[in-house]
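Everything below concerns the one structure shown next.
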Amino acid sequence: MYAQHFGLKQDPFSIAPDPRYLFMSQRHREALAHLLFGIAGQGDSASHAGGGFVLLTGDIGTGKTTICRCFLEQIPSGCHVAYIFNPKLTVSELLQTVCEEFHLTLPVTSSSPPTVKTYIDTLNAFLLERHAGAEHCVLIIDEAQNLQADVLEQLRLLTNLETSERKLLQIVLIGQPELRVMLERPELEQLAQRVMARFHLDALTEGESLQYITHRLAVAGHTGPLPFDRQALSRIYRLTRGVPRRINLLCGRSLLGAWANGLHRVGRTVVDTAAAEVFGPGGGAGSRSAAARVFYALGGLLLLTVALFAWWAASPARSPGPASPVPASTPARAAPSETATVPGAAITEPLDALLSQLPDDMDLAWRDLGASWNLPDSAAQPCAATSTHPWQCVRVSNQTLPQLRQLDRPGILVLQNERGASVYAVLVGLTGSTATLKTGTRLHTVTQTQLARLWRGEFATYWSPPPGYPGNNQTGSPSAVFQELARQLSRIDAAPVPQNAHTTLDASLKARVRDFQRAHGLLVDGQPGPLTFMQLESVLGHSGPRLTPNSR
């Protein structure tokens, strides 16, 4: 209801686990890496590292299910997945569900019901068949804290299904913190010893909470200053304790309250009022519960008035005269909706069909990318140290699409084709749900969900280092790098620009770099590397080419 009021295309704070809104904090990236490590280990037929359990825990609302959805999108081909989201089952029901998830047909026997042995024999035959075809099998159990002890023991026994080379089944347990406590019981010690990787997903820090809110608003189409003032953002973090689901609930209700009362900016009072409604008196704003009731009663009255007026305006009986007929040549207009096709929107195409058109030589992709920087199409290696242009090539890993949207510059994505070989796609545009890739002079729009399946976070681009930065064709002293860094940070903080205040990366400058990195989802190490400088350029408005919202 408040989307149009704040310039949004859709609700940015829905609690549905939509992968488009996934915000990958450092902890979320590590959690995803642990899950992918389990799959990688399971696929290693040369060792016994595979198999066993991978454990992901986290408090309610920290993003475990969303991480699981992202994990499922990145599982490679040739990997079969059984996903159980309601584990309140008996041993027989669990085994039956696993077989159903793997689409297994039990052997035809007498009229007696299948036994535990029937299910295990069928599952073992299936796993051996997949192993013979060099394929892998993964069982994922969400809300695993609800598993009974005897069911956990049966899961442990399933990891005994193996060949002389490796385990046949990888099991991923995802649950709340009490799952860790369960595995500390003496009777479950054997299972605990088979956990090959475990990770606990903490809530967001205050800096990450700000990034999270900014990211979700950007995906929903927001531009310009945040609709929350500084005190409101600080209050949101305190009331939600950095838990993403609580942030969604509080931010969504705060925007609704501001809209209902005709406000274009959310302040602390609005947040406290919304918290009393969402979390109750114990949500941090109990003393304002009376004001909250008045605030939202007025908002509800306004909503009712707007709805009645809209009904009256749309009614053909609102005037005594006859309704004007619609000319036959005038097509009827469909009511706008979130699922309506937007005129001029790019039509996506299958990424798999595009893979054969992508080069497997990265130098070709560099030269194709160079056209965005007006670089000459030279036969020489574009990233050679002898290059005469002022741009340097940089290649980074562990990136996400939201981070690339922040960097806002064309670049090269390293994708894995169906044979597992690397191919290179030139990225020239990003929207909230699509990416535009360039091959020669043609543009191709694909969904980000397709891209996430083949992209593992490797990104390469051109950048212009500040004078004195180590690299080809750079002149000037290293102190000039730190002086320029201090000037750029001061411009962002709206602080006086220092004059030759920093000639080294001293403790105070390093702390400012960390704060900037933390606020923009970068690796927080205090070192001003290429990613930090490129993000500074993006915030301050760099003069180089940018990603287009829609390149068609």
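Ligands are numbered from 1 in the order shown, chains are lettered A, B, ... in the order of the structure tokens, and residues start at 1 in each chain.
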
Open item on the list: Give me the residues near A:Ala31 as a ChimeraX atom specification, where near means some atom within 7 Å (using only C-alpha atoms) and where sequence neighbours in that chain fewer than 3 positions away do not count.
Closed with: /A:27-28,34-35,199,201

With N, CA and C atoms kept, could you save the residues just selected as a short mmCIF file (atom, residue, chain, number, x, y, z; two decimals), in the first residue's frame?
```cif
data_model
loop_
_atom_site.label_atom_id
_atom_site.label_comp_id
_atom_site.auth_asym_id
_atom_site.auth_seq_id
_atom_site.Cartn_x
_atom_site.Cartn_y
_atom_site.Cartn_z
N ARG A 27 28.95 -13.15 7.16
CA ARG A 27 28.54 -14.39 7.82
C ARG A 27 27.66 -15.24 6.89
N HIS A 28 26.80 -14.61 6.12
CA HIS A 28 25.97 -15.37 5.19
C HIS A 28 26.82 -16.02 4.10
N HIS A 34 30.12 -22.99 3.65
CA HIS A 34 30.15 -24.26 4.39
C HIS A 34 29.24 -25.29 3.74
N LEU A 35 28.06 -24.86 3.31
CA LEU A 35 27.15 -25.80 2.66
C LEU A 35 27.74 -26.29 1.34
N PHE A 199 28.37 -24.57 11.15
CA PHE A 199 28.43 -23.10 11.12
C PHE A 199 27.19 -22.55 11.82
N LEU A 201 24.91 -19.17 12.24
CA LEU A 201 24.60 -17.90 11.58
C LEU A 201 24.14 -16.88 12.61
#
```

Open item on the list: So that I can check the surroundings of A:Ala425, please list as a ChimeraX atom specification every protein, DNA and RNA residue that reaches within 12 Å of it, counting only C-alpha atoms and ignoring chain neighbours fewer than 3 positions away.
Closed with: /A:351,354-369,410-417,422,428-429,435-440,443-446,451,454-455,458-461

Task: Option closest in space to A:Ala258, from A:Pro470, A:Tyr2, A:Gly7, A:His80 [counting only C-alpha atoms] - done: A:Tyr2

- [ ] Write out as a VMD selection string each polymer residue whose atoms come within 12 Å of A:Leu95, counting only C-alpha atoms; drop sequence neighbours fewer than 4 positions from it.
- [x] chain A and resid 82 84 87 89 to 91 99 to 102 104 106 114 to 124 139 151 to 152 154 to 155 157 to 158

Open item on the list: I need the residues of stretch 86-288 of chain A that end up classed as strand (DSSP E or B) by DSSP on the backbone, written out as a PyMOL selection string.
Closed with: chain A and resi 136-141+162+167+170-175+195-201+228+266

With N, CA and C atoms kept, could you save the residues just selected as a PDB file, in the first residue's frame?
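Output file part.pdb is given in full below:
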```pdb
ATOM      1  N   HIS A 136      25.865 -37.600  -7.507  1.00  0.00           N
ATOM      2  CA  HIS A 136      25.916 -37.471  -6.058  1.00  0.00           C
ATOM      3  C   HIS A 136      24.518 -37.221  -5.513  1.00  0.00           C
ATOM      4  N   CYS A 137      24.325 -37.540  -4.240  1.00  0.00           N
ATOM      5  CA  CYS A 137      23.018 -37.409  -3.609  1.00  0.00           C
ATOM      6  C   CYS A 137      23.151 -36.668  -2.283  1.00  0.00           C
ATOM      7  N   VAL A 138      22.221 -35.746  -2.069  1.00  0.00           N
ATOM      8  CA  VAL A 138      22.244 -34.910  -0.870  1.00  0.00           C
ATOM      9  C   VAL A 138      20.861 -34.911  -0.248  1.00  0.00           C
ATOM     10  N   LEU A 139      20.805 -35.084   1.058  1.00  0.00           N
ATOM     11  CA  LEU A 139      19.569 -35.002   1.826  1.00  0.00           C
ATOM     12  C   LEU A 139      19.643 -33.745   2.692  1.00  0.00           C
ATOM     13  N   ILE A 140      18.710 -32.814   2.513  1.00  0.00           N
ATOM     14  CA  ILE A 140      18.662 -31.575   3.287  1.00  0.00           C
ATOM     15  C   ILE A 140      17.432 -31.619   4.190  1.00  0.00           C
ATOM     16  N   ILE A 141      17.651 -31.391   5.484  1.00  0.00           N
ATOM     17  CA  ILE A 141      16.546 -31.392   6.443  1.00  0.00           C
ATOM     18  C   ILE A 141      16.508 -30.031   7.121  1.00  0.00           C
ATOM     19  N   GLU A 162      27.836 -46.871   1.882  1.00  0.00           N
ATOM     20  CA  GLU A 162      29.097 -46.436   1.285  1.00  0.00           C
ATOM     21  C   GLU A 162      29.666 -47.524   0.392  1.00  0.00           C
ATOM     22  N   LYS A 167      31.499 -42.253   0.908  1.00  0.00           N
ATOM     23  CA  LYS A 167      30.129 -42.305   1.377  1.00  0.00           C
ATOM     24  C   LYS A 167      29.190 -41.991   0.211  1.00  0.00           C
ATOM     25  N   GLN A 170      25.214 -37.443   1.400  1.00  0.00           N
ATOM     26  CA  GLN A 170      25.569 -36.277   2.204  1.00  0.00           C
ATOM     27  C   GLN A 170      24.297 -35.765   2.866  1.00  0.00           C
ATOM     28  N   ILE A 171      24.344 -35.492   4.168  1.00  0.00           N
ATOM     29  CA  ILE A 171      23.170 -35.012   4.896  1.00  0.00           C
ATOM     30  C   ILE A 171      23.459 -33.627   5.451  1.00  0.00           C
ATOM     31  N   VAL A 172      22.577 -32.672   5.132  1.00  0.00           N
ATOM     32  CA  VAL A 172      22.691 -31.292   5.621  1.00  0.00           C
ATOM     33  C   VAL A 172      21.571 -31.057   6.619  1.00  0.00           C
ATOM     34  N   LEU A 173      21.925 -30.691   7.850  1.00  0.00           N
ATOM     35  CA  LEU A 173      20.951 -30.392   8.897  1.00  0.00           C
ATOM     36  C   LEU A 173      20.921 -28.885   9.127  1.00  0.00           C
ATOM     37  N   ILE A 174      19.744 -28.285   9.009  1.00  0.00           N
ATOM     38  CA  ILE A 174      19.569 -26.849   9.205  1.00  0.00           C
ATOM     39  C   ILE A 174      18.561 -26.658  10.330  1.00  0.00           C
ATOM     40  N   GLY A 175      18.928 -25.891  11.349  1.00  0.00           N
ATOM     41  CA  GLY A 175      18.012 -25.749  12.471  1.00  0.00           C
ATOM     42  C   GLY A 175      18.372 -24.617  13.403  1.00  0.00           C
ATOM     43  N   VAL A 195      29.930 -35.003  12.031  1.00  0.00           N
ATOM     44  CA  VAL A 195      29.689 -33.663  11.489  1.00  0.00           C
ATOM     45  C   VAL A 195      31.006 -33.149  10.921  1.00  0.00           C
ATOM     46  N   MET A 196      31.077 -33.029   9.604  1.00  0.00           N
ATOM     47  CA  MET A 196      32.332 -32.638   8.951  1.00  0.00           C
ATOM     48  C   MET A 196      32.469 -31.132   8.810  1.00  0.00           C
ATOM     49  N   ALA A 197      31.362 -30.385   8.916  1.00  0.00           N
ATOM     50  CA  ALA A 197      31.418 -28.923   8.849  1.00  0.00           C
ATOM     51  C   ALA A 197      30.214 -28.389   9.598  1.00  0.00           C
ATOM     52  N   ARG A 198      30.424 -27.387  10.436  1.00  0.00           N
ATOM     53  CA  ARG A 198      29.323 -26.783  11.164  1.00  0.00           C
ATOM     54  C   ARG A 198      29.503 -25.272  11.194  1.00  0.00           C
ATOM     55  N   PHE A 199      28.373 -24.575  11.149  1.00  0.00           N
ATOM     56  CA  PHE A 199      28.428 -23.103  11.124  1.00  0.00           C
ATOM     57  C   PHE A 199      27.191 -22.552  11.816  1.00  0.00           C
ATOM     58  N   HIS A 200      27.396 -21.519  12.653  1.00  0.00           N
ATOM     59  CA  HIS A 200      26.276 -20.853  13.318  1.00  0.00           C
ATOM     60  C   HIS A 200      26.111 -19.460  12.724  1.00  0.00           C
ATOM     61  N   LEU A 201      24.905 -19.166  12.243  1.00  0.00           N
ATOM     62  CA  LEU A 201      24.605 -17.902  11.576  1.00  0.00           C
ATOM     63  C   LEU A 201      24.135 -16.885  12.608  1.00  0.00           C
ATOM     64  N   PHE A 228      14.363   6.526   5.995  1.00  0.00           N
ATOM     65  CA  PHE A 228      14.542   6.458   7.442  1.00  0.00           C
ATOM     66  C   PHE A 228      15.633   7.450   7.837  1.00  0.00           C
ATOM     67  N   VAL A 266      10.676   8.462   7.826  1.00  0.00           N
ATOM     68  CA  VAL A 266      10.413   7.755   9.067  1.00  0.00           C
ATOM     69  C   VAL A 266      11.383   8.223  10.137  1.00  0.00           C
TER      70      VAL A 266
END
```

- [ ] Have a look at atom CA of A:Arg268 and atom CA of A:Ala232 and let me know their distance in Å, one decimal.
- [x] 4.3 Å

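Between A:Ser164 and the residues A:Leu407, A:Ile60, A:His131, A:Gln488, the shortest atom-to-atom distance, using only C-alpha atoms, involves A:His131.
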
TODO: Find the distance between atom CA of A:Thr548 and atom CA of A:Lys9 and write it in Å to one decimal.
DONE: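 Calculated distance between atom CA of A:Thr548 and atom CA of A:Lys9 is 17.8 Å.
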
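Across A:Ala16, A:Val219, A:Ile75, A:Leu168, the tightest approach to A:Arg405 is made by A:Val219 when counting only C-alpha atoms.
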
TODO: Give me, please, the distance in Å between atom CA of A:Ala353 and atom CA of A:Arg456, quoted to one decimal.
DONE: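 Those two atoms sit 19.0 Å apart.
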